[in-house]
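**Q** Quick one, work-v5.cif (mmCIF, C-alpha atoms):
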data_final
#
loop_
_atom_site.group_PDB
_atom_site.id
_atom_site.type_symbol
_atom_site.label_atom_id
_atom_site.label_comp_id
_atom_site.auth_asym_id
_atom_site.auth_seq_id
_atom_site.Cartn_x
_atom_site.Cartn_y
_atom_site.Cartn_z
ATOM 1 C CA MET A 19 116.523 105.714 90.102
ATOM 2 C CA TYR A 20 113.015 106.633 91.143
ATOM 3 C CA ARG A 21 113.953 107.890 94.596
ATOM 4 C CA PHE A 22 113.326 111.418 93.329
ATOM 5 C CA LEU A 23 109.585 110.657 93.529
ATOM 6 C CA LEU A 24 109.927 110.957 97.318
ATOM 7 C CA THR A 25 111.372 114.460 97.203
ATOM 8 C CA PRO A 26 109.133 117.350 98.378
ATOM 9 C CA ARG A 27 108.946 118.736 94.838
ATOM 10 C CA TRP A 28 107.618 115.479 93.434
ATOM 11 C CA TRP A 29 105.330 114.956 96.392
ATOM 12 C CA GLY A 30 103.671 118.236 95.443
ATOM 13 C CA ILE A 31 103.410 117.195 91.786
ATOM 14 C CA ASN A 32 101.967 113.786 92.665
ATOM 15 C CA VAL A 33 99.386 115.174 95.075
ATOM 16 C CA PHE A 34 98.270 117.705 92.461
ATOM 17 C CA VAL A 35 97.885 114.964 89.842
ATOM 18 C CA LEU A 36 96.008 112.649 92.221
ATOM 19 C CA LEU A 37 93.560 115.452 93.008
ATOM 20 C CA ALA A 38 93.258 116.947 89.513
ATOM 21 C CA ILE A 39 92.411 113.754 87.628
ATOM 22 C CA PRO A 40 89.388 112.708 89.757
ATOM 23 C CA PHE A 41 88.153 116.310 89.767
ATOM 24 C CA CYS A 42 88.328 116.556 85.955
ATOM 25 C CA VAL A 43 86.627 113.181 85.553
ATOM 26 C CA PHE A 44 83.898 114.178 88.019
ATOM 27 C CA MET A 45 83.245 117.492 86.234
ATOM 28 C CA GLY A 46 83.222 115.802 82.832
ATOM 29 C CA THR A 47 80.788 113.158 84.049
ATOM 30 C CA TRP A 48 78.559 115.839 85.578
ATOM 31 C CA GLN A 49 78.478 117.858 82.344
ATOM 32 C CA LEU A 50 77.694 114.669 80.406
ATOM 33 C CA SER A 51 74.790 113.929 82.754
ATOM 34 C CA ARG A 52 73.474 117.458 82.140
ATOM 35 C CA PHE A 53 73.571 116.846 78.389
ATOM 36 C CA GLU A 54 71.881 113.450 78.727
ATOM 37 C CA GLY A 55 69.205 115.064 80.910
ATOM 38 C CA ARG A 56 68.512 117.668 78.213
ATOM 39 C CA VAL A 57 68.313 114.915 75.591
ATOM 40 C CA GLN A 58 65.802 113.071 77.770
ATOM 41 C CA ASP A 59 63.784 116.271 78.322
ATOM 42 C CA HIS A 60 63.806 116.915 74.577
ATOM 43 C CA ARG A 61 62.579 113.393 73.863
ATOM 44 C CA ALA A 62 59.849 113.680 76.496
ATOM 45 C CA ALA A 63 58.765 117.107 75.191
ATOM 46 C CA THR A 64 58.623 115.784 71.622
ATOM 47 C CA GLU A 65 56.540 112.795 72.688
ATOM 48 C CA GLN A 66 54.258 115.034 74.739
ATOM 49 C CA ALA A 67 53.787 117.447 71.834
ATOM 50 C CA ALA A 68 52.840 114.545 69.566
ATOM 51 C CA SER A 69 50.328 113.184 72.069
ATOM 52 C CA ASP A 70 48.908 116.627 72.872
ATOM 53 C CA ARG A 71 47.911 117.157 69.247
ATOM 54 C CA HIS A 72 45.558 114.174 69.489
ATOM 55 C CA GLU A 73 44.152 114.857 72.944
ATOM 56 C CA ALA A 74 40.926 116.699 73.630
ATOM 57 C CA ALA A 75 41.363 120.335 74.585
ATOM 58 C CA ARG A 76 41.248 121.060 78.305
ATOM 59 C CA PRO A 77 39.805 124.185 79.954
ATOM 60 C CA LEU A 78 42.433 126.897 80.201
ATOM 61 C CA ALA A 79 42.075 127.341 83.966
ATOM 62 C CA THR A 80 42.986 123.697 84.660
ATOM 63 C CA GLN A 81 46.383 124.011 82.952
ATOM 64 C CA LEU A 82 47.697 127.104 84.707
ATOM 65 C CA PRO A 83 50.325 128.071 85.654
ATOM 66 C CA VAL A 84 52.318 126.960 82.615
ATOM 67 C CA ASP A 85 55.203 124.597 83.322
ATOM 68 C CA LYS A 86 57.044 121.801 81.525
ATOM 69 C CA SER A 87 54.132 119.410 82.036
ATOM 70 C CA THR A 88 51.438 121.747 80.659
ATOM 71 C CA SER A 89 53.341 123.721 78.003
ATOM 72 C CA GLY A 90 52.130 122.659 74.551
ATOM 73 C CA ARG A 91 48.904 121.086 75.761
ATOM 74 C CA ARG A 92 45.723 121.857 73.885
ATOM 75 C CA VAL A 93 43.438 124.179 75.809
ATOM 76 C CA SER A 94 40.208 125.988 75.086
ATOM 77 C CA ALA A 95 38.929 129.369 76.222
ATOM 78 C CA SER A 96 35.878 131.456 75.426
ATOM 79 C CA GLY A 97 35.380 135.198 75.259
ATOM 80 C CA ARG A 98 35.395 138.164 72.919
ATOM 81 C CA TYR A 99 38.347 139.429 70.953
ATOM 82 C CA GLY A 100 39.645 142.865 71.874
ATOM 83 C CA LYS A 101 42.810 144.784 71.084
ATOM 84 C CA GLN A 102 45.044 143.431 68.319
ATOM 85 C CA LEU A 103 48.842 143.711 68.114
ATOM 86 C CA LEU A 104 51.565 142.594 65.731
ATOM 87 C CA VAL A 105 54.721 140.697 66.697
ATOM 88 C CA PRO A 106 57.383 141.517 64.082
ATOM 89 C CA GLY A 107 60.544 139.622 63.207
ATOM 90 C CA ARG A 108 59.187 136.085 63.402
ATOM 91 C CA GLU A 109 60.231 133.361 60.956
ATOM 92 C CA LEU A 110 58.152 130.432 59.785
ATOM 93 C CA ASP A 111 59.295 127.809 57.276
ATOM 94 C CA GLY A 112 62.422 129.867 56.657
ATOM 95 C CA LYS A 113 60.512 133.012 55.694
ATOM 96 C CA HIS A 114 60.488 136.364 57.482
ATOM 97 C CA GLY A 115 57.153 137.640 58.754
ATOM 98 C CA PHE A 116 55.097 138.529 61.803
ATOM 99 C CA TYR A 117 52.492 137.140 64.193
ATOM 100 C CA VAL A 118 48.992 138.511 64.526
ATOM 101 C CA LEU A 119 48.271 138.630 68.249
ATOM 102 C CA THR A 120 44.757 139.350 69.528
ATOM 103 C CA LEU A 121 43.660 139.620 73.159
ATOM 104 C CA LEU A 122 40.723 137.369 74.081
ATOM 105 C CA ARG A 123 38.692 138.921 76.905
ATOM 106 C CA THR A 124 37.348 136.033 78.975
ATOM 107 C CA ASP A 125 34.569 135.858 81.532
ATOM 108 C CA SER A 126 37.180 135.654 84.299
ATOM 109 C CA GLY A 127 37.985 139.316 83.727
ATOM 110 C CA LYS A 128 41.432 138.536 82.331
ATOM 111 C CA ALA A 129 42.575 138.658 78.718
ATOM 112 C CA LEU A 130 44.384 135.788 77.027
ATOM 113 C CA PRO A 131 46.932 136.618 74.285
ATOM 114 C CA VAL A 132 46.038 134.515 71.237
ATOM 115 C CA VAL A 133 48.301 134.153 68.214
ATOM 116 C CA ARG A 134 45.763 133.822 65.435
ATOM 117 C CA GLY A 135 48.397 133.192 62.780
ATOM 118 C CA TRP A 136 51.497 134.281 60.852
ATOM 119 C CA LEU A 137 51.848 136.464 57.764
ATOM 120 C CA PRO A 138 54.931 136.992 55.570
ATOM 121 C CA GLY A 139 56.708 140.306 55.092
ATOM 122 C CA THR A 140 57.047 143.418 57.195
ATOM 123 C CA ALA A 141 54.590 143.897 60.035
ATOM 124 C CA ASP A 142 51.667 145.952 58.719
ATOM 125 C CA ALA A 143 48.350 146.369 60.505
ATOM 126 C CA ALA A 144 46.597 146.734 57.137
ATOM 127 C CA LYS A 145 47.583 143.156 56.233
ATOM 128 C CA ALA A 146 46.293 141.646 59.482
ATOM 129 C CA PRO A 147 42.720 140.287 59.242
ATOM 130 C CA ALA A 148 40.257 141.649 61.767
ATOM 131 C CA PRO A 149 39.288 139.186 64.513
ATOM 132 C CA PRO A 150 35.862 137.510 64.491
ATOM 133 C CA ALA A 151 33.126 139.485 66.233
ATOM 134 C CA GLY A 152 30.992 138.212 69.073
ATOM 135 C CA GLU A 153 31.513 135.335 71.455
ATOM 136 C CA VAL A 154 34.148 132.849 70.284
ATOM 137 C CA THR A 155 35.796 129.703 71.620
ATOM 138 C CA VAL A 156 39.443 129.240 70.736
ATOM 139 C CA THR A 157 41.436 126.013 70.811
ATOM 140 C CA GLY A 158 45.189 125.854 70.632
ATOM 141 C CA ALA A 159 48.506 125.024 72.264
ATOM 142 C CA LEU A 160 49.270 126.610 75.619
ATOM 143 C CA GLN A 161 52.587 128.483 75.806
ATOM 144 C CA ALA A 162 54.579 130.168 78.564
ATOM 145 C CA SER A 163 55.302 133.883 78.431
ATOM 146 C CA GLU A 164 58.324 134.645 76.275
ATOM 147 C CA SER A 165 61.543 136.326 77.342
ATOM 148 C CA PRO A 166 64.166 138.103 75.219
ATOM 149 C CA GLY A 167 66.637 135.495 74.062
ATOM 150 C CA ASP A 168 64.027 132.786 73.521
ATOM 151 C CA ASN A 169 63.719 131.314 70.046
ATOM 152 C CA GLY A 170 62.840 134.193 67.717
ATOM 153 C CA VAL A 171 62.314 136.673 70.554
ATOM 154 C CA SER A 172 64.316 139.883 70.365
ATOM 155 C CA ALA A 173 64.947 142.530 72.990
ATOM 156 C CA GLN A 174 64.106 145.267 70.484
ATOM 157 C CA SER A 175 62.522 148.376 71.948
ATOM 158 C CA GLY A 176 61.011 151.469 70.417
ATOM 159 C CA LEU A 177 58.649 149.548 68.154
ATOM 160 C CA PRO A 178 55.806 151.387 66.410
ATOM 161 C CA ALA A 179 52.470 151.625 68.184
ATOM 162 C CA GLY A 180 50.501 148.390 67.972
ATOM 163 C CA GLN A 181 53.576 146.139 68.000
ATOM 164 C CA THR A 182 55.375 144.103 70.667
ATOM 165 C CA ALA A 183 58.654 142.201 70.570
ATOM 166 C CA ALA A 184 57.698 139.479 73.060
ATOM 167 C CA ILE A 185 54.449 137.738 73.928
ATOM 168 C CA SER A 186 54.426 138.075 77.687
ATOM 169 C CA SER A 187 52.316 139.713 80.359
ATOM 170 C CA ALA A 188 55.314 141.884 81.302
ATOM 171 C CA SER A 189 55.544 143.264 77.758
ATOM 172 C CA LEU A 190 51.821 143.595 77.153
ATOM 173 C CA VAL A 191 50.752 145.138 80.448
ATOM 174 C CA ASN A 192 51.588 148.643 79.215
ATOM 175 C CA LEU A 193 50.064 148.095 75.771
ATOM 176 C CA VAL A 194 46.577 146.823 76.576
ATOM 177 C CA PRO A 195 43.962 147.973 79.121
ATOM 178 C CA TYR A 196 43.273 144.473 80.479
ATOM 179 C CA ARG A 197 44.460 142.208 83.247
ATOM 180 C CA LEU A 198 46.416 139.424 81.599
ATOM 181 C CA TYR A 199 47.045 135.717 81.939
ATOM 182 C CA ASP A 200 50.722 134.857 82.290
ATOM 183 C CA ALA A 201 50.439 132.593 79.251
ATOM 184 C CA TRP A 202 49.374 132.651 75.616
ATOM 185 C CA VAL A 203 47.828 130.331 73.061
ATOM 186 C CA THR A 204 48.643 129.623 69.431
ATOM 187 C CA LEU A 205 45.598 128.434 67.482
ATOM 188 C CA ASP A 206 45.432 124.947 66.022
ATOM 189 C CA LYS A 207 44.042 126.456 62.814
ATOM 190 C CA ALA A 208 44.947 129.992 61.828
ATOM 191 C CA ASP A 209 42.254 132.519 60.948
ATOM 192 C CA ALA A 210 41.559 134.090 57.573
ATOM 193 C CA GLY A 211 44.350 132.938 55.283
ATOM 194 C CA MET A 212 47.148 133.092 57.847
ATOM 195 C CA LYS A 213 49.473 130.205 58.711
ATOM 196 C CA ALA A 214 49.188 128.523 62.079
ATOM 197 C CA VAL A 215 52.180 129.058 64.384
ATOM 198 C CA PRO A 216 53.488 125.754 65.774
ATOM 199 C CA ALA A 217 53.953 125.400 69.506
ATOM 200 C CA THR A 218 57.485 125.583 70.862
ATOM 201 C CA ALA A 219 59.064 123.264 73.422
ATOM 202 C CA PRO A 220 59.275 124.435 77.054
ATOM 203 C CA ASP A 221 62.457 126.140 78.236
ATOM 204 C CA ASP A 222 65.436 123.853 78.897
ATOM 205 C CA THR A 223 63.883 120.889 77.090
ATOM 206 C CA GLY A 224 65.374 121.333 73.634
ATOM 207 C CA LEU A 225 68.721 120.445 72.079
ATOM 208 C CA ASP A 226 69.710 124.104 72.041
ATOM 209 C CA LEU A 227 73.035 125.909 72.463
ATOM 210 C CA LYS A 228 73.057 125.204 76.200
ATOM 211 C CA ALA A 229 72.777 121.465 75.587
ATOM 212 C CA PHE A 230 75.727 121.402 73.199
ATOM 213 C CA GLN A 231 77.705 123.636 75.565
ATOM 214 C CA ASN A 232 77.308 120.897 78.169
ATOM 215 C CA LEU A 233 78.610 118.364 75.645
ATOM 216 C CA GLY A 234 81.531 120.625 74.782
ATOM 217 C CA TYR A 235 82.414 121.106 78.449
ATOM 218 C CA THR A 236 82.332 117.329 78.865
ATOM 219 C CA GLY A 237 85.021 116.952 76.229
ATOM 220 C CA GLU A 238 87.090 119.772 77.714
ATOM 221 C CA TRP A 239 87.174 118.242 81.199
ATOM 222 C CA PHE A 240 88.234 114.821 79.891
ATOM 223 C CA VAL A 241 90.901 116.495 77.737
ATOM 224 C CA PHE A 242 92.171 118.296 80.843
ATOM 225 C CA ALA A 243 92.403 114.948 82.665
ATOM 226 C CA GLY A 244 94.351 113.449 79.781
ATOM 227 C CA PHE A 245 96.619 116.497 79.639
ATOM 228 C CA VAL A 246 97.450 116.170 83.342
ATOM 229 C CA VAL A 247 98.408 112.502 82.850
ATOM 230 C CA PHE A 248 100.459 113.376 79.749
ATOM 231 C CA MET A 249 102.377 116.133 81.532
ATOM 232 C CA TRP A 250 103.081 113.894 84.541
ATOM 233 C CA PHE A 251 104.619 111.196 82.339
ATOM 234 C CA ARG A 252 106.566 113.808 80.409
ATOM 235 C CA LEU A 253 108.015 115.284 83.603
ATOM 236 C CA LEU A 254 108.771 111.781 84.892
ATOM 237 C CA ARG A 255 110.615 110.843 81.708
ATOM 238 C CA ARG A 256 112.673 114.032 81.760
ATOM 239 C CA GLU A 257 113.574 113.452 85.405
ATOM 240 C CA VAL A 258 114.598 109.833 84.708
ATOM 241 C CA GLU A 259 116.741 110.941 81.765
ATOM 242 C CA TYR A 260 118.354 113.605 83.921
ATOM 243 C CA GLN A 261 119.107 111.093 86.692
ATOM 244 C CA ARG A 262 120.604 108.628 84.156
ATOM 245 C CA ASP A 263 122.771 111.327 82.591
ATOM 246 C CA ALA A 264 123.901 112.466 86.020
ATOM 247 C CA ALA A 265 124.878 108.895 86.936
ATOM 248 C CA LEU A 266 126.969 108.662 83.773
ATOM 249 C CA GLY A 267 128.597 112.013 84.443
ATOM 250 C CA LEU A 268 127.020 113.601 81.387
ATOM 251 C CA VAL A 269 125.434 116.494 83.266
ATOM 252 C CA PRO A 270 127.746 119.543 83.211
ATOM 253 C CA GLU A 271 128.569 121.107 86.520
ATOM 254 C CA GLU A 272 126.897 124.438 87.118
ATOM 255 C CA GLU A 273 129.220 127.422 87.002
ATOM 256 C CA PRO A 274 129.348 129.576 90.090
ATOM 257 C CA LEU A 275 127.133 132.604 89.992
ATOM 258 C CA VAL A 276 130.017 134.904 91.188
ATOM 259 C CA GLU A 277 133.633 134.579 90.045
ATOM 260 C CA VAL A 278 136.138 134.652 92.849
ATOM 261 C CA SER A 279 139.285 136.640 92.035
ATOM 262 C CA SER A 280 142.523 134.683 92.294
ATOM 263 C CA GLY A 281 144.509 137.794 93.126
#
Any chance you could give the structure as structure tokens?

**A**
Amino acid sequence: MYRFLLTPRWWGINVFVLLAIPFCVFMGTWQLSRFEGRVQDHRAATEQAASDRHEAARPLATQLPVDKSTSGRRVSASGRYGKQLLVPGRELDGKHGFYVLTLLRTDSGKALPVVRGWLPGTADAAKAPAPPAGEVTVTGALQASESPGDNGVSAQSGLPAGQTAAISSASLVNLVPYRLYDAWVTLDKADAGMKAVPATAPDDTGLDLKAFQNLGYTGEWFVFAGFVVFMWFRLLRREVEYQRDAALGLVPEEEPLVEVSSG
């Protein structure tokens, strides 16, 4: 009854199934490993952030360039505050507001973007406290330059003078007359009645949309594998039923495609 499995048609079906199932399982396992890796990165970043809050601040120069191992670490830098900008459209504790960003001109000749704090409401330079005068030393969490699409970062253009959408050297280079560090710092304690902005986790270390996409793809690939198995058994059952009916003479003979005239 199962001799049909040796026909060319079923050979093709069987080969496809034997190749498709391992491929789907492999892809599902790979996507699952990507998700588990992101979970591990998230756990490590959380633990690092907790430990960084209790560690002594390190000199800025020793932690550059910013990567996964240095992002969020407490650093210190000295200099004089210069030009001040506002970063609109930032939320904190579920409220809409803006960052107050001031450039710290260091002895190295470069300026370090420093987020001195957050204020609620629409970005307004009149609301932003003036930076301290004279030589200052700032201490805060080191952060990598932002890109549009990061948490809270928009790609908005055409902002009023004195505002920037992203905190990055690429965005600030045309707004300030200084050479810039490719990094920024958010102060441990905000200045003058503002709220401190918490540090964010490095890219690709959080349980973000990408992480749950990996988990979703994992499920899809295993569903595909199950669907292939289901369809194979369904085709097999239909073929067996057809062969049984044919053996019992229950399968009607096919009519000829063209009638032959008897005259």

**Q** Separation of atom CA of Gly100 of chain A and atom CA of Ala74 of chain A, in Å?

**A**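 Atom CA of Gly100 of chain A sits 26.3 Å away from atom CA of Ala74 of chain A.
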
**Q** Between A:Leu78, A:Ile31, A:Leu119, A:Ala184, which is the closest to Phe251 of chain A once you count only C-alpha atoms?

**A**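 Counting only C-alpha atoms, the residue closest to Phe251 of chain A is A:Ile31.
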
**Q** Need the shell around Pro216 of chain A: protein/DNA/RNA residues with any atom at most 12 Å away, counting only C-alpha atoms. Skip same-chain ones fewer than 3 positions apart. Format as an MDAnalysis selection string?

**A** chainID A and resid 67:68 71 90:92 109:111 117 133:136 158:161 203:208 213 219

**Q** Under the rule that all atoms listed in the file are counted, which of A:Ala264, A:Met45, A:Leu253, A:Val105 is the nearest residue to Trp28 of chain A?

**A** A:Leu253

**Q** Convert the output of the PyMOL selection byres ((chain A and resi 47-50) around 7) on the shown file into explicit residues, formatted as JSON, numbers by chain.

**A** {"A": [43, 44, 45, 46, 51, 52, 53, 54, 232, 233, 235, 236]}

**Q** Need the shell around Arg21 of chain A: protein/DNA/RNA residues with any atom at most 12 Å away, counting all atoms listed in the file. Skip same-chain ones fewer than 6 positions apart. Format as a list in words?

**A** Arg27, Trp28, Trp29, Leu254, Glu257, Val258 and Gln261 of chain A

**Q** Evaluate the PyMOL selection byres ((chain A and resi 153-155) around 7) and record the selected residues as an NGL selection string, following the chain and residue labels used in the document.

**A** :A and (94-98 or 151-152 or 156-157)

**Q** Let me see the file: selected residues, C-alpha atoms, as a JSON list (two decimals), in the coordinates of the input.

**A**
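Full text of again_37.json as output:
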[["chain", "number", "residue", "atom", "x", "y", "z"],
["A", 94, "SER", "CA", 40.21, 125.99, 75.09],
["A", 95, "ALA", "CA", 38.93, 129.37, 76.22],
["A", 96, "SER", "CA", 35.88, 131.46, 75.43],
["A", 97, "GLY", "CA", 35.38, 135.20, 75.26],
["A", 98, "ARG", "CA", 35.40, 138.16, 72.92],
["A", 151, "ALA", "CA", 33.13, 139.49, 66.23],
["A", 152, "GLY", "CA", 30.99, 138.21, 69.07],
["A", 156, "VAL", "CA", 39.44, 129.24, 70.74],
["A", 157, "THR", "CA", 41.44, 126.01, 70.81]]

**Q** What are the centre and the three edge lengths of an axis-aligned box that wraps all atoms of segment 249-265 of chain A in the file, given that 6 Å is added to every side, written as JSON and rounded to one decimal in Å?

**A**
{"center_x": 113.6, "center_y": 112.4, "center_z": 83.7, "size_x": 34.5, "size_y": 19.5, "size_z": 18.5}

**Q** Between atom CA of Pro149 of chain A and atom CA of Arg123 of chain A, what is the spacing in Å?

**A**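 We find that atom CA of Arg123 of chain A and atom CA of Pro149 of chain A lie 12.4 Å from each other.
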
**Q** If you apply the PyMOL selection byres ((chain A and resi 193) around 10) to this file, what residues do you get, as a PyMOL selection string?

**A** chain A and resi 101+103+179-182+187-192+194-196

**Q** Record the distance separating atom CA of Thr218 of chain A and atom CA of Ala162 of chain A, expressed in Å with one decimal.

**A**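 Atom-to-atom, atom CA of Thr218 of chain A to atom CA of Ala162 of chain A, that is 9.4 Å.
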
**Q** Nearest residue to Val215 of chain A out of A:Phe116, A:Phe41, A:Tyr99, A:Phe34, using all atoms listed in the file?

**A**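 So, comparing all the options, the nearest one is A:Phe116.
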
**Q** Under the rule that all atoms listed in the file are counted, which of A:Ala143, A:Cys42, A:Leu198, A:Thr124 is the nearest residue to Val241 of chain A?

**A**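 Of A:Ala143, A:Cys42, A:Leu198, A:Thr124, the one nearest Val241 of chain A, counting all atoms listed in the file, is A:Cys42.
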
**Q** Measuring atom to atom with all atoms listed in the file, identify which of A:Leu24, A:Ala217, A:Val93, A:Val118 is nearest to Asp142 of chain A.

**A**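 Closest candidate: A:Val118.
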
**Q** Rank A:Met212, A:Ala183, A:Leu23, A:Ala38 by their smallest atom-to-atom distance to Phe240 of chain A, using only C-alpha atoms, and report the top residue only.

**A**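 Using only C-alpha atoms, the shortest distance to Phe240 of chain A belongs to A:Ala38.
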